[in-house]
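Source file: query_1.cif (mmCIF, C-alpha atoms)
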```
data_coords
#
loop_
_atom_site.label_atom_id
_atom_site.label_comp_id
_atom_site.auth_asym_id
_atom_site.auth_seq_id
_atom_site.Cartn_x
_atom_site.Cartn_y
_atom_site.Cartn_z
CA MET X 26 8.73 13.71 -33.35
CA ASN X 27 5.38 12.60 -31.96
CA ALA X 28 5.70 12.33 -28.15
CA ILE X 29 4.25 8.83 -28.03
CA HIS X 30 6.58 7.64 -30.79
CA LEU X 31 9.51 9.26 -28.96
CA LEU X 32 8.66 7.65 -25.62
CA THR X 33 8.16 4.29 -27.35
CA ALA X 34 11.57 4.64 -29.03
CA GLN X 35 13.04 5.40 -25.61
CA HIS X 36 11.44 2.20 -24.30
CA ARG X 37 13.16 0.18 -27.04
CA ALA X 38 16.51 1.87 -26.41
CA ILE X 39 16.29 1.23 -22.66
CA GLU X 40 15.31 -2.40 -23.23
CA ALA X 41 18.37 -2.81 -25.47
CA LEU X 42 20.55 -1.30 -22.73
CA PHE X 43 19.11 -3.78 -20.23
CA ASP X 44 20.20 -6.53 -22.63
CA ASP X 45 23.66 -4.98 -23.00
CA VAL X 46 24.19 -4.93 -19.23
CA ALA X 47 22.83 -8.46 -18.80
CA HIS X 48 24.98 -9.99 -21.53
CA GLU X 49 28.20 -7.99 -21.38
CA LYS X 50 31.08 -9.90 -19.80
CA ARG X 51 33.86 -7.28 -19.99
CA ARG X 52 33.99 -5.19 -16.81
CA GLN X 53 34.46 -1.75 -18.37
CA ALA X 54 31.95 -2.33 -21.15
CA ARG X 55 29.39 -3.57 -18.64
CA ALA X 56 29.99 -0.55 -16.41
CA ARG X 57 29.53 1.80 -19.40
CA ALA X 58 26.32 0.03 -20.39
CA ALA X 59 25.01 0.24 -16.80
CA SER X 60 25.88 3.94 -16.66
CA ARG X 61 24.12 4.61 -19.95
CA LEU X 62 21.09 2.58 -18.84
CA THR X 63 20.87 4.61 -15.64
CA GLU X 64 21.07 7.89 -17.57
CA GLU X 65 18.44 6.87 -20.11
CA LEU X 66 16.05 5.51 -17.50
CA ILE X 67 16.27 8.68 -15.41
CA ALA X 68 15.88 10.91 -18.47
CA HIS X 69 12.86 8.91 -19.64
CA MET X 70 11.09 9.12 -16.29
CA ALA X 71 11.93 12.81 -15.92
CA ALA X 72 10.43 13.63 -19.32
CA GLU X 73 7.28 11.66 -18.56
CA GLU X 74 6.84 13.19 -15.11
CA THR X 75 7.59 16.80 -15.99
CA VAL X 76 6.14 17.09 -19.51
CA PHE X 77 4.16 14.19 -20.87
CA TYR X 78 1.91 13.16 -17.98
CA PRO X 79 0.97 16.68 -16.87
CA ALA X 80 -0.14 17.36 -20.47
CA ALA X 81 -1.93 14.02 -20.66
CA ARG X 82 -3.79 14.66 -17.41
CA ALA X 83 -4.94 18.03 -18.72
CA VAL X 84 -6.30 16.43 -21.89
CA LEU X 85 -7.94 13.53 -20.07
CA GLY X 86 -9.56 15.94 -17.62
CA GLY X 87 -7.54 14.81 -14.62
CA ARG X 88 -9.40 11.48 -14.45
CA ARG X 89 -7.75 8.96 -12.17
CA GLY X 90 -7.89 5.22 -12.27
CA PRO X 91 -6.22 2.12 -13.72
CA GLY X 92 -4.84 2.59 -17.19
CA ASP X 93 -4.99 6.35 -17.33
CA ALA X 94 -2.29 8.98 -17.16
CA GLY X 95 -2.86 9.65 -13.49
CA GLY X 96 -3.51 6.25 -12.00
CA ARG X 97 -0.57 3.92 -11.52
CA LEU X 98 2.28 5.82 -13.16
CA PRO X 99 3.43 7.81 -10.13
CA ASP X 100 3.61 4.55 -8.15
CA GLU X 101 5.42 2.79 -11.01
CA HIS X 102 7.97 5.59 -11.25
CA PHE X 103 8.45 5.55 -7.48
CA MET X 104 9.11 1.80 -7.57
CA LEU X 105 11.45 2.16 -10.56
CA ARG X 106 13.46 4.86 -8.76
CA ALA X 107 13.61 2.84 -5.55
CA GLN X 108 14.78 -0.28 -7.38
CA LEU X 109 17.28 1.71 -9.44
CA ARG X 110 18.74 2.97 -6.16
CA ARG X 111 19.09 -0.63 -4.96
CA VAL X 112 20.86 -1.59 -8.18
CA LEU X 113 23.17 1.43 -8.00
CA ALA X 114 24.07 0.56 -4.41
CA THR X 115 25.23 -2.88 -5.56
CA GLY X 116 28.51 -3.62 -7.30
CA LEU X 117 28.13 -4.89 -10.87
CA HIS X 118 30.11 -8.02 -10.11
CA THR X 119 28.56 -8.98 -6.76
CA PRO X 120 26.06 -11.82 -6.27
CA ALA X 121 23.31 -9.36 -5.26
CA PHE X 122 23.50 -7.47 -8.56
CA ALA X 123 21.73 -10.00 -10.79
CA PRO X 124 18.49 -10.33 -8.78
CA ARG X 125 18.27 -6.58 -8.16
CA PHE X 126 18.95 -5.86 -11.82
CA GLU X 127 16.33 -8.41 -12.93
CA ALA X 128 13.77 -6.85 -10.57
CA LEU X 129 14.48 -3.46 -12.17
CA ARG X 130 14.09 -4.97 -15.64
CA LEU X 131 10.74 -6.52 -14.69
CA LEU X 132 9.47 -3.25 -13.23
CA PHE X 133 10.47 -1.44 -16.42
CA SER X 134 8.82 -4.11 -18.56
CA HIS X 135 5.58 -3.62 -16.63
CA HIS X 136 5.91 0.15 -17.03
CA VAL X 137 6.29 -0.25 -20.80
CA SER X 138 3.34 -2.61 -21.06
CA THR X 139 1.08 -0.27 -19.09
CA GLU X 140 1.99 2.72 -21.21
CA GLU X 141 2.02 1.11 -24.64
CA ASN X 142 -1.08 -1.07 -24.19
CA GLU X 143 -3.30 1.09 -22.02
CA ILE X 144 -2.24 4.72 -21.71
CA PHE X 145 -0.75 5.69 -25.07
CA PRO X 146 -3.76 4.45 -27.10
CA ARG X 147 -6.13 6.49 -24.92
CA ILE X 148 -4.02 9.60 -25.35
CA GLU X 149 -3.63 9.11 -29.12
CA ALA X 150 -7.42 8.86 -29.40
CA VAL X 151 -7.98 12.34 -27.96
CA VAL X 152 -4.85 14.35 -28.75
CA SER X 153 -4.26 15.79 -32.21
CA PRO X 154 -1.19 14.71 -34.20
CA SER X 155 0.08 18.31 -34.21
CA ARG X 156 -0.19 18.52 -30.40
CA LEU X 157 1.64 15.19 -30.05
CA GLU X 158 4.39 16.58 -32.30
CA ALA X 159 4.68 19.73 -30.17
CA LEU X 160 4.67 17.63 -27.02
CA GLY X 161 7.46 15.51 -28.51
CA VAL X 162 9.62 18.62 -28.82
CA GLU X 163 8.92 19.41 -25.17
CA VAL X 164 9.76 15.84 -24.13
CA GLU X 165 13.09 16.05 -25.99
CA GLY X 166 13.80 19.39 -24.33
CA ALA X 167 13.13 17.95 -20.86
CA ARG X 168 16.34 15.88 -20.87
CA PRO X 169 18.24 16.84 -17.70
CA PRO X 170 21.74 18.30 -18.17
CA ILE X 171 23.45 15.59 -16.10
CA TRP X 172 23.96 13.50 -19.22
CA LEU X 173 27.07 15.54 -20.00
CA VAL X 174 29.03 13.30 -17.65
CA THR X 175 29.14 9.53 -17.99
CA SER X 176 31.48 6.84 -16.79
CA GLU X 177 33.10 7.03 -20.23
CA THR X 178 34.31 10.59 -19.61
CA HIS X 179 37.73 11.03 -18.06
CA ALA X 180 37.86 13.45 -15.15
CA ALA X 181 40.91 15.22 -16.62
CA THR X 182 38.86 16.32 -19.64
CA LEU X 183 35.93 17.65 -17.61
CA SER X 184 35.24 21.32 -17.12
CA THR X 185 34.70 22.64 -13.60
CA ARG X 186 30.93 22.70 -14.23
CA ASP X 187 30.97 19.10 -15.47
CA ARG X 188 32.98 17.94 -12.45
CA ALA X 189 30.40 19.61 -10.21
CA MET X 190 27.58 17.84 -12.07
CA ARG X 191 29.15 14.47 -11.27
CA GLY X 192 27.53 14.62 -7.84
CA VAL X 193 23.99 14.98 -9.21
CA ARG X 194 21.71 12.56 -7.44
CA LEU X 195 18.47 10.80 -8.30
CA PRO X 196 15.25 12.66 -7.54
CA SER X 197 14.00 12.19 -4.00
CA LEU X 198 11.86 9.15 -3.34
CA ASN X 199 9.21 11.56 -2.09
CA GLU X 200 8.97 13.22 -5.49
CA ASN X 201 6.75 11.84 -8.25
#
```
Give the structure from this file in structure tokens form.
Amino acid sequence: MNAIHLLTAQHRAIEALFDDVAHEKRRQARARAASRLTEELIAHMAAEETVFYPAARAVLGGRRGPGDAGGRLPDEHFMLRAQLRRVLATGLHTPAFAPRFEALRLLFSHHVSTEENEIFPRIEAVVSPSRLEALGVEVEGARPPIWLVTSETHAATLSTRDRAMRGVRLPSLNEN
């Protein structure tokens, strides 16, 4: 799949998960939706940071500035990770959760707008369809292995490796 189409599809899936968390009233279902949202958001940012944006910078000649692949995205990802940490440090059913969650949603919405309205069109204009297809395969392959374990998985059914993966943490705030 074309990398831009894949990343756009991920945007829609993550937005739907934000809605699921916001509207779900049942505790366990809300916790599962929040877990899935966290996984998808981390996977999306990881694919962009490790595959898509390095390739985009190479094609765009490393130019920096607003609206390009090297300008604001590292800062946006930093802010998304920092806010995700705040959300994860807050219980789903505490008063602090809603404002922290909404701040995360707004940051993600801005991220999507920047990419879909400014960055993706510039990249599509200079990258061949076949290269975008190949890049899409790389983006799909960049999904970290931590997604083997979710809150839906029971510890008794986990392998030793999977139990060890449960402690995987978010990338450092110093990393882009």
- prompt: Between X:Val152, X:Ala123, X:Phe43, X:Thr63, which one has atoms that come closest to Leu109 in chain X, using all atoms listed in the file?
  reply: X:Thr63
Residue list as a ChimeraX atom specification for point (3.8, 17.9, -20.4), cut-off 10 Å, all atoms listed in the file: /X:28,72-83,159-161,163-164,167
message: Quick check on the file I pasted: which residues fall under the PyMOL selection byres ((chain X and resi 136) around 12)? Write them as a ChimeraX atom specification.
response: /X:32-33,36,39-40,66,69-70,73,92,97-105,129-135,137-145
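Comparing the minimum interatomic distances between Val84 in chain X and each of X:Arg125, X:His118, X:Arg147, X:Arg57, counting all atoms listed in the file, we find that X:Arg147 sits nearest.
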message: Would you compute the distance between CA of Arg111 in chain X and CA of Ala68 in chain X? Give it in Å to one decimal.
response: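 Straight-line distance from CA of Arg111 in chain X to CA of Ala68 in chain X works out to 18.1 Å.
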message: Please determine, counting all atoms listed in the file, which residue among X:Ala107, X:Val162, X:Ala71, X:Ala114 has the shortest atom-to-atom distance to His30 in chain X.
response: X:Val162
Separation of CA of Met26 in chain X from CA of Arg156 in chain X, in Å and rounded to one decimal: 10.6 Å
C-alpha atoms of range 36-127 of chain X from block above, as an mmCIF file, in the first residue's frame:
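File decode_31.cif, as written:
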```cif
data_model
loop_
_atom_site.group_PDB
_atom_site.id
_atom_site.type_symbol
_atom_site.label_atom_id
_atom_site.label_comp_id
_atom_site.auth_asym_id
_atom_site.auth_seq_id
_atom_site.Cartn_x
_atom_site.Cartn_y
_atom_site.Cartn_z
ATOM 1 C CA HIS X 36 -4.864 8.518 11.193
ATOM 2 C CA ARG X 37 -8.505 7.501 10.672
ATOM 3 C CA ALA X 38 -8.105 4.375 12.808
ATOM 4 C CA ILE X 39 -6.498 6.340 15.639
ATOM 5 C CA GLU X 40 -9.203 9.003 15.466
ATOM 6 C CA ALA X 41 -11.840 6.257 15.763
ATOM 7 C CA LEU X 42 -10.013 4.873 18.808
ATOM 8 C CA PHE X 43 -10.026 8.325 20.394
ATOM 9 C CA ASP X 44 -13.804 8.316 19.907
ATOM 10 C CA ASP X 45 -14.090 4.820 21.387
ATOM 11 C CA VAL X 46 -12.225 5.851 24.535
ATOM 12 C CA ALA X 47 -14.171 9.106 24.857
ATOM 13 C CA HIS X 48 -17.597 7.486 24.489
ATOM 14 C CA GLU X 49 -17.171 4.077 26.106
ATOM 15 C CA LYS X 50 -18.821 3.825 29.521
ATOM 16 C CA ARG X 51 -17.955 0.227 30.461
ATOM 17 C CA ARG X 52 -14.701 0.079 32.441
ATOM 18 C CA GLN X 53 -13.094 -2.927 30.747
ATOM 19 C CA ALA X 54 -14.114 -1.880 27.245
ATOM 20 C CA ARG X 55 -12.772 1.616 27.852
ATOM 21 C CA ALA X 56 -9.502 0.220 29.188
ATOM 22 C CA ARG X 57 -9.150 -2.020 26.096
ATOM 23 C CA ALA X 58 -9.852 0.922 23.800
ATOM 24 C CA ALA X 59 -7.289 3.070 25.645
ATOM 25 C CA SER X 60 -4.718 0.278 25.412
ATOM 26 C CA ARG X 61 -5.333 -0.147 21.698
ATOM 27 C CA LEU X 62 -5.174 3.627 21.149
ATOM 28 C CA THR X 63 -1.827 3.762 22.936
ATOM 29 C CA GLU X 64 -0.449 0.907 20.837
ATOM 30 C CA GLU X 65 -1.626 2.388 17.547
ATOM 31 C CA LEU X 66 -0.384 5.879 18.368
ATOM 32 C CA ILE X 67 3.073 4.606 19.323
ATOM 33 C CA ALA X 68 3.263 2.364 16.252
ATOM 34 C CA HIS X 69 2.219 5.233 13.988
ATOM 35 C CA MET X 70 4.825 7.624 15.369
ATOM 36 C CA ALA X 71 7.520 4.945 15.297
ATOM 37 C CA ALA X 72 6.861 4.203 11.616
ATOM 38 C CA GLU X 73 6.928 7.879 10.719
ATOM 39 C CA GLU X 74 10.100 8.579 12.687
ATOM 40 C CA THR X 75 12.103 5.536 11.630
ATOM 41 C CA VAL X 76 10.960 5.029 8.028
ATOM 42 C CA PHE X 77 8.745 7.656 6.469
ATOM 43 C CA TYR X 78 10.339 10.946 7.505
ATOM 44 C CA PRO X 79 13.955 9.901 6.928
ATOM 45 C CA ALA X 80 12.942 8.895 3.374
ATOM 46 C CA ALA X 81 10.957 12.094 2.918
ATOM 47 C CA ARG X 82 13.870 14.244 4.075
ATOM 48 C CA ALA X 83 16.150 12.509 1.580
ATOM 49 C CA VAL X 84 13.730 13.221 -1.262
ATOM 50 C CA LEU X 85 13.103 16.813 -0.208
ATOM 51 C CA GLY X 86 16.840 17.423 0.065
ATOM 52 C CA GLY X 87 16.852 17.836 3.833
ATOM 53 C CA ARG X 88 15.095 21.210 3.606
ATOM 54 C CA ARG X 89 13.806 22.451 6.933
ATOM 55 C CA GLY X 90 10.961 24.782 7.656
ATOM 56 C CA PRO X 91 7.216 24.936 8.317
ATOM 57 C CA GLY X 92 5.200 22.374 6.449
ATOM 58 C CA ASP X 93 8.042 20.147 5.364
ATOM 59 C CA ALA X 94 9.137 16.725 6.527
ATOM 60 C CA GLY X 95 11.833 18.117 8.784
ATOM 61 C CA GLY X 96 10.288 21.199 10.310
ATOM 62 C CA ARG X 97 7.700 20.741 13.028
ATOM 63 C CA LEU X 98 7.215 16.967 13.096
ATOM 64 C CA PRO X 99 9.945 16.114 15.613
ATOM 65 C CA ASP X 100 8.457 18.719 17.979
ATOM 66 C CA GLU X 101 4.923 17.425 17.361
ATOM 67 C CA HIS X 102 5.987 13.861 18.081
ATOM 68 C CA PHE X 103 7.808 14.985 21.222
ATOM 69 C CA MET X 104 4.676 16.758 22.448
ATOM 70 C CA LEU X 105 2.479 13.767 21.558
ATOM 71 C CA ARG X 106 4.766 11.407 23.501
ATOM 72 C CA ALA X 107 4.903 13.749 26.486
ATOM 73 C CA GLN X 108 1.120 14.126 26.573
ATOM 74 C CA LEU X 109 0.608 10.387 26.084
ATOM 75 C CA ARG X 110 2.798 9.854 29.156
ATOM 76 C CA ARG X 111 0.581 12.248 31.124
ATOM 77 C CA VAL X 112 -2.525 10.364 30.013
ATOM 78 C CA LEU X 113 -0.984 6.986 30.855
ATOM 79 C CA ALA X 114 -0.037 8.253 34.313
ATOM 80 C CA THR X 115 -3.695 9.090 34.978
ATOM 81 C CA GLY X 116 -6.391 6.583 35.859
ATOM 82 C CA LEU X 117 -9.142 6.259 33.245
ATOM 83 C CA HIS X 118 -11.837 7.058 35.773
ATOM 84 C CA THR X 119 -10.199 9.995 37.561
ATOM 85 C CA PRO X 120 -11.180 13.654 37.067
ATOM 86 C CA ALA X 121 -7.760 14.463 35.556
ATOM 87 C CA PHE X 122 -8.164 11.937 32.744
ATOM 88 C CA ALA X 123 -10.644 13.855 30.575
ATOM 89 C CA PRO X 124 -8.624 17.080 30.173
ATOM 90 C CA ARG X 125 -5.362 15.204 29.620
ATOM 91 C CA PHE X 126 -7.029 12.902 27.113
ATOM 92 C CA GLU X 127 -8.605 15.850 25.274
#
```
